[in-house]
$ cat target-v5.cif   # mmCIF, C-alpha atoms
data_data
loop_
_atom_site.label_atom_id
_atom_site.label_comp_id
_atom_site.auth_asym_id
_atom_site.auth_seq_id
_atom_site.Cartn_x
_atom_site.Cartn_y
_atom_site.Cartn_z
CA MET T 1 0.00 0.00 0.00
CA PRO T 2 1.20 3.56 -0.63
CA ILE T 3 2.74 5.27 2.43
CA PRO T 4 2.15 9.04 2.69
CA ILE T 5 5.40 11.05 2.60
CA LEU T 6 4.33 14.68 2.82
CA GLN T 7 2.49 15.21 -0.47
CA ALA T 8 3.76 12.05 -2.17
CA SER T 9 3.15 8.31 -1.84
CA ILE T 10 5.57 5.46 -2.28
CA GLN T 11 5.29 1.79 -3.10
CA VAL T 12 8.16 -0.58 -2.48
CA TYR T 13 8.75 -3.84 -4.35
CA GLU T 14 11.31 -6.56 -3.89
CA THR T 15 12.88 -6.24 -7.35
CA HIS T 16 13.44 -3.61 -9.99
CA TRP T 17 11.30 -5.58 -12.42
CA GLN T 18 8.35 -5.64 -10.03
CA ALA T 19 8.63 -1.90 -9.40
CA ALA T 20 8.88 -1.18 -13.13
CA PHE T 21 5.84 -3.33 -13.91
CA ALA T 22 3.81 -1.69 -11.15
CA ALA T 23 4.74 1.77 -12.44
CA ALA T 24 3.79 0.73 -15.99
CA SER T 25 0.43 -0.55 -14.77
CA ALA T 26 -0.24 2.72 -12.95
CA VAL T 27 0.73 4.84 -15.96
CA ALA T 28 -1.36 2.69 -18.29
CA ALA T 29 -4.37 3.17 -16.02
CA GLU T 30 -3.81 6.93 -16.05
CA ILE T 31 -3.56 6.97 -19.84
CA ARG T 32 -6.78 4.98 -20.17
CA ARG T 33 -8.54 7.34 -17.76
CA LEU T 34 -7.39 10.43 -19.63
CA ILE T 35 -8.46 9.02 -22.99
CA ALA T 36 -11.86 8.04 -21.62
CA GLU T 37 -12.42 11.48 -20.07
CA ARG T 38 -10.65 13.80 -22.52
CA GLY T 39 -10.04 11.85 -25.70
CA ARG T 40 -6.25 11.96 -25.46
CA ALA T 41 -3.32 11.71 -23.05
CA ILE T 42 -0.14 13.76 -23.08
CA GLY T 43 2.89 12.52 -21.17
CA ILE T 44 6.52 13.39 -20.55
CA PHE T 45 8.83 10.38 -20.38
CA SER T 46 12.39 9.98 -19.18
CA GLY T 47 14.84 8.42 -21.60
CA GLU T 48 17.32 7.32 -18.96
CA ALA T 49 18.70 3.80 -19.07
CA SER T 50 16.92 2.95 -15.82
CA GLN T 51 13.58 3.29 -17.63
CA ARG T 52 14.06 0.40 -20.07
CA GLU T 53 12.05 -2.19 -18.18
CA PHE T 54 9.27 0.29 -17.44
CA LEU T 55 9.04 1.34 -21.09
CA ASP T 56 9.07 -2.26 -22.29
CA ALA T 57 6.22 -3.13 -19.93
CA LEU T 58 4.20 -0.07 -20.97
CA ALA T 59 4.74 -0.69 -24.68
CA GLY T 60 3.45 -4.23 -24.22
CA ASP T 61 0.14 -3.08 -22.73
CA GLU T 62 -2.45 -3.78 -25.42
CA SER T 63 -5.22 -2.01 -23.49
CA ILE T 64 -3.84 1.44 -24.40
CA GLU T 65 -5.22 3.29 -27.42
CA TRP T 66 -1.83 4.64 -28.45
CA THR T 67 -3.15 6.65 -31.40
CA ARG T 68 -4.53 9.05 -28.78
CA VAL T 69 -1.26 9.47 -26.89
CA ILE T 70 1.26 12.32 -27.31
CA VAL T 71 4.77 11.90 -25.90
CA PHE T 72 7.40 14.44 -24.89
CA HIS T 73 10.62 13.64 -23.09
CA THR T 74 12.61 15.11 -20.26
CA ALA T 75 16.10 15.77 -21.60
CA GLU T 76 18.62 15.14 -24.36
CA LEU T 77 22.39 15.26 -24.30
CA LEU T 78 24.02 18.03 -26.29
CA GLY T 79 25.39 16.76 -29.58
CA ALA T 80 23.39 13.53 -29.48
CA ASP T 81 21.15 12.66 -32.40
CA GLU T 82 18.56 9.90 -32.30
CA ASN T 83 21.11 7.32 -33.47
CA SER T 84 23.72 8.11 -30.82
CA PRO T 85 24.15 5.21 -28.36
CA GLN T 86 23.90 7.61 -25.40
CA SER T 87 20.84 9.45 -26.76
CA HIS T 88 17.78 9.61 -24.54
CA ARG T 89 15.65 9.85 -27.67
CA LYS T 90 17.14 6.64 -28.99
CA LEU T 91 16.18 4.78 -25.84
CA LEU T 92 12.64 6.10 -26.05
CA LEU T 93 12.44 5.31 -29.75
CA ASP T 94 13.75 1.77 -29.26
CA HIS T 95 11.68 0.87 -26.21
CA LEU T 96 8.42 2.76 -26.81
CA VAL T 97 7.97 5.07 -29.76
CA ARG T 98 8.76 2.59 -32.55
CA ARG T 99 6.79 -0.15 -30.86
CA VAL T 100 3.41 1.57 -30.60
CA PRO T 101 1.37 3.81 -32.96
CA LEU T 102 1.65 7.10 -31.07
CA ALA T 103 -0.32 10.13 -32.18
CA GLU T 104 2.79 12.31 -31.79
CA PHE T 105 6.33 12.06 -30.44
CA HIS T 106 8.29 15.24 -29.83
CA GLY T 107 11.98 14.68 -29.27
CA ILE T 108 14.48 17.26 -28.08
CA ARG T 109 17.09 17.75 -30.81
CA GLY T 110 20.37 17.56 -28.99
CA GLU T 111 22.31 17.73 -32.24
CA ALA T 112 20.82 21.08 -33.32
CA ALA T 113 23.24 23.89 -34.10
CA ASN T 114 21.35 26.35 -31.90
CA PRO T 115 20.46 24.74 -28.54
CA GLU T 116 18.95 27.95 -27.20
CA ALA T 117 16.47 27.94 -30.08
CA VAL T 118 15.65 24.31 -29.31
CA CYS T 119 14.85 25.31 -25.72
CA ALA T 120 12.54 28.11 -26.86
CA ASN T 121 10.80 26.01 -29.49
CA TYR T 122 10.28 23.05 -27.17
CA ALA T 123 8.91 25.32 -24.45
CA ALA T 124 6.46 26.82 -26.94
CA LEU T 125 5.37 23.36 -28.04
CA LEU T 126 4.74 22.29 -24.45
CA LYS T 127 2.45 25.31 -24.04
CA THR T 128 0.32 24.18 -26.97
CA ARG T 129 0.01 20.66 -25.54
CA PRO T 130 0.19 20.90 -21.74
CA PRO T 131 1.25 17.50 -20.39
CA ASP T 132 -1.12 15.51 -18.20
CA PHE T 133 1.59 13.51 -16.47
CA ALA T 134 5.32 12.87 -16.32
CA VAL T 135 7.29 9.67 -15.77
CA LEU T 136 10.60 10.42 -14.07
CA GLY T 137 13.64 8.85 -12.53
CA ILE T 138 15.78 10.11 -9.66
CA GLY T 139 19.47 10.50 -10.43
CA GLU T 140 22.22 9.26 -8.14
CA SER T 141 22.83 12.81 -6.91
CA GLY T 142 19.14 13.66 -6.71
CA GLU T 143 18.84 14.94 -10.27
CA LEU T 144 15.51 15.44 -12.04
CA ALA T 145 15.73 15.15 -15.82
CA ALA T 146 19.23 16.57 -16.43
CA ILE T 147 18.98 19.19 -13.68
CA ASP T 148 21.51 18.62 -10.91
CA SER T 149 22.34 20.77 -7.88
CA ARG T 150 24.61 23.05 -9.93
CA ALA T 151 21.87 23.95 -12.39
CA CYS T 152 18.85 23.71 -10.10
CA ASP T 153 16.46 26.58 -9.59
CA LEU T 154 13.29 25.32 -7.95
CA ASN T 155 11.58 28.57 -9.00
CA ASP T 156 12.94 28.61 -12.53
CA GLN T 157 10.85 30.76 -14.86
CA ALA T 158 11.97 28.74 -17.88
CA SER T 159 10.37 25.41 -18.69
CA VAL T 160 13.27 24.16 -20.83
CA ARG T 161 16.88 25.05 -20.13
CA LEU T 162 20.35 24.52 -21.54
CA VAL T 163 22.61 23.03 -18.85
CA ASP T 164 26.24 21.90 -18.98
CA SER T 165 25.80 18.87 -21.21
CA ALA T 166 22.10 18.67 -21.98
CA ILE T 167 18.86 20.36 -22.89
CA SER T 168 16.44 19.67 -20.07
CA LEU T 169 12.99 20.40 -18.77
CA THR T 170 13.17 22.25 -15.47
CA PRO T 171 11.74 21.19 -12.09
CA PRO T 172 8.86 23.72 -12.24
CA ALA T 173 7.90 22.44 -15.70
CA LEU T 174 7.76 18.88 -14.41
CA MET T 175 5.88 19.88 -11.25
CA ALA T 176 3.25 21.55 -13.42
CA CYS T 177 2.10 18.13 -14.62
CA PRO T 178 -1.08 17.06 -12.79
CA ALA T 179 0.35 13.59 -12.06
CA LEU T 180 3.88 12.29 -11.55
CA PHE T 181 5.11 8.69 -11.65
CA VAL T 182 8.65 8.25 -10.34
CA THR T 183 10.82 5.14 -10.40
CA ALA T 184 14.11 4.46 -8.62
CA SER T 185 16.06 1.27 -8.08
CA GLY T 186 19.39 -0.06 -6.87
CA LYS T 187 21.82 0.58 -4.02
CA SER T 188 23.48 3.45 -5.85
CA ILE T 189 20.28 5.50 -5.69
CA ARG T 190 19.53 4.83 -2.00
CA GLU T 191 20.90 8.05 -0.51
CA ALA T 192 19.38 10.20 -3.24
CA VAL T 193 15.99 8.63 -2.57
CA ARG T 194 16.35 9.30 1.16
CA LEU T 195 17.28 12.93 0.56
CA ALA T 196 14.45 13.39 -1.95
CA ILE T 197 11.77 11.93 0.29
CA GLU T 198 12.80 12.55 3.89
CA ASP T 199 15.17 15.53 3.90
CA GLU T 200 14.32 19.20 3.54
CA ILE T 201 13.35 20.57 0.15
CA SER T 202 16.53 22.02 -1.30
CA GLU T 203 18.19 22.83 -4.59
CA SER T 204 21.06 20.63 -3.45
CA CYS T 205 18.69 17.73 -4.21
CA PRO T 206 16.40 18.74 -7.09
CA ALA T 207 14.23 15.63 -6.62
CA SER T 208 13.22 16.88 -3.16
CA ILE T 209 10.67 19.12 -4.90
CA LEU T 210 8.63 15.94 -5.42
CA GLN T 211 7.54 16.32 -1.81
CA THR T 212 5.40 19.31 -2.78
CA HIS T 213 3.42 17.59 -5.53
CA PRO T 214 -0.16 16.61 -4.59
CA ASN T 215 -0.29 13.64 -6.96
CA ALA T 216 3.18 12.07 -7.04
CA HIS T 217 3.61 8.30 -6.96
CA LEU T 218 7.00 6.70 -6.31
CA PHE T 219 7.82 3.11 -7.24
CA LEU T 220 10.97 1.83 -5.56
CA ASP T 221 12.72 -1.48 -5.34
CA SER T 222 13.84 -2.74 -1.93
CA GLU T 223 17.44 -1.63 -2.43
CA ALA T 224 16.52 1.96 -3.28
CA ALA T 225 14.10 2.14 -0.35
CA ALA T 226 16.44 0.61 2.23
CA GLY T 227 17.61 3.99 3.54
CA LEU T 228 14.14 5.31 4.33
CA SER T 229 13.26 5.50 8.00
CA LEU T 230 9.52 4.96 7.44
CA ILE T 231 9.87 1.71 5.48
#

$ encode --input "target-v5.cif" --output "structure tokens"
Amino acid sequence: MPIPILQASIQVYETHWQAAFAAASAVAAEIRRLIAERGRAIGIFSGEASQREFLDALAGDESIEWTRVIVFHTAELLGADENSPQSHRKLLLDHLVRRVPLAEFHGIRGEAANPEAVCANYAALLKTRPPDFAVLGIGESGELAAIDSRACDLNDQASVRLVDSAISLTPPALMACPALFVTASGKSIREAVRLAIEDEISESCPASILQTHPNAHLFLDSEAAAGLSLI
């Protein structure tokens, strides 16, 4: 059962696979609800390597009417095109976008000659299609998308920003989504999860802003949750 942590809730599973499948089931239910009520669903998805199992599970859900789903993503590395091995777009393309008949997929063009223009154009596009939900991971240092403590502004006025090595959505842009689904797994993420959930809200841990969201759902494996005092 979910355990209230300030504004958020968490569910803990024994393995990464179980947590990923549970997150996929929850996101699929949200997509179905949005389509039934509004005719379409708009989501932001992380393209981090930790999302592979989640994306595979979601892509395999035959109950979703994918032709009514629009997908954005959280961040792209500077210089990376959709064929680059490290590209976040490539991971999303391989594990979701090319596997289902999406209505639209909007990738951030990391290879573009003018990254600042990419930021402005992507921000404008998000305004025309406000996302209903976001699927996120927590980085090992508490990052959200590609925003780490050095680049974090929890009150950022921009929705998309150029950081050291990436183009990224900002924490306020992600928090504006009505629903958040967050996954984290493994020992390496344990301290970041603890800081994000149980410590004070601080720009030193961008993911701590999740505590303020009224509809955030965290799916953790037992290793990632081991540092939490309330588990």

$ residues_near_point --input "target-v5.cif" --point "(4.4, -1.7, -26.5)" --cutoff "12 Å" --atoms "all atoms listed in the file" --output "MDAnalysis selection string"
chainID T and resid 24 28 52:66 92:102

$ resolve_selection --input "target-v5.cif" --expression "the PyMOL selection byres ((chain T and resi 107) around 10)" --output "PyMOL selection string"
chain T and resi 71-76+81-82+88-90+92-93+104-106+108-110+122

$ residues_around --input "target-v5.cif" --residues "Pro172 in chain T" --least-positions-apart "6" --cutoff "9 Å" --atoms "all atoms listed in the file" --output "PyMOL selection string"
chain T and resi 153-159+209

$ resolve_selection --input "target-v5.cif" --expression "the PyMOL selection byres ((chain T and resi 118) around 12)" --output "VMD selection string"
chain T and resid 75 to 76 78 106 to 117 119 to 125 159 to 162 166 to 169

$ resolve_selection --input "target-v5.cif" --expression "the PyMOL selection byres ((chain T and resi 191-206) around 7)" --output "NGL selection string"
:T and (5 or 140-144 or 148-149 or 152-154 or 189-190 or 207-209 or 211 or 224 or 227-228)

$ residues_around --input "target-v5.cif" --residues "range 35-40 of chain T" --least-positions-apart "3" --cutoff "6 Å" --atoms "all atoms listed in the file" --output "number ranges by chain"
T: 32, 68-69

$ closest_residue --input "target-v5.cif" --among "T:Ala184, T:Ala29, T:Leu174, T:Val135" --to "Trp17 in chain T" --atoms "only C-alpha atoms"
T:Ala184
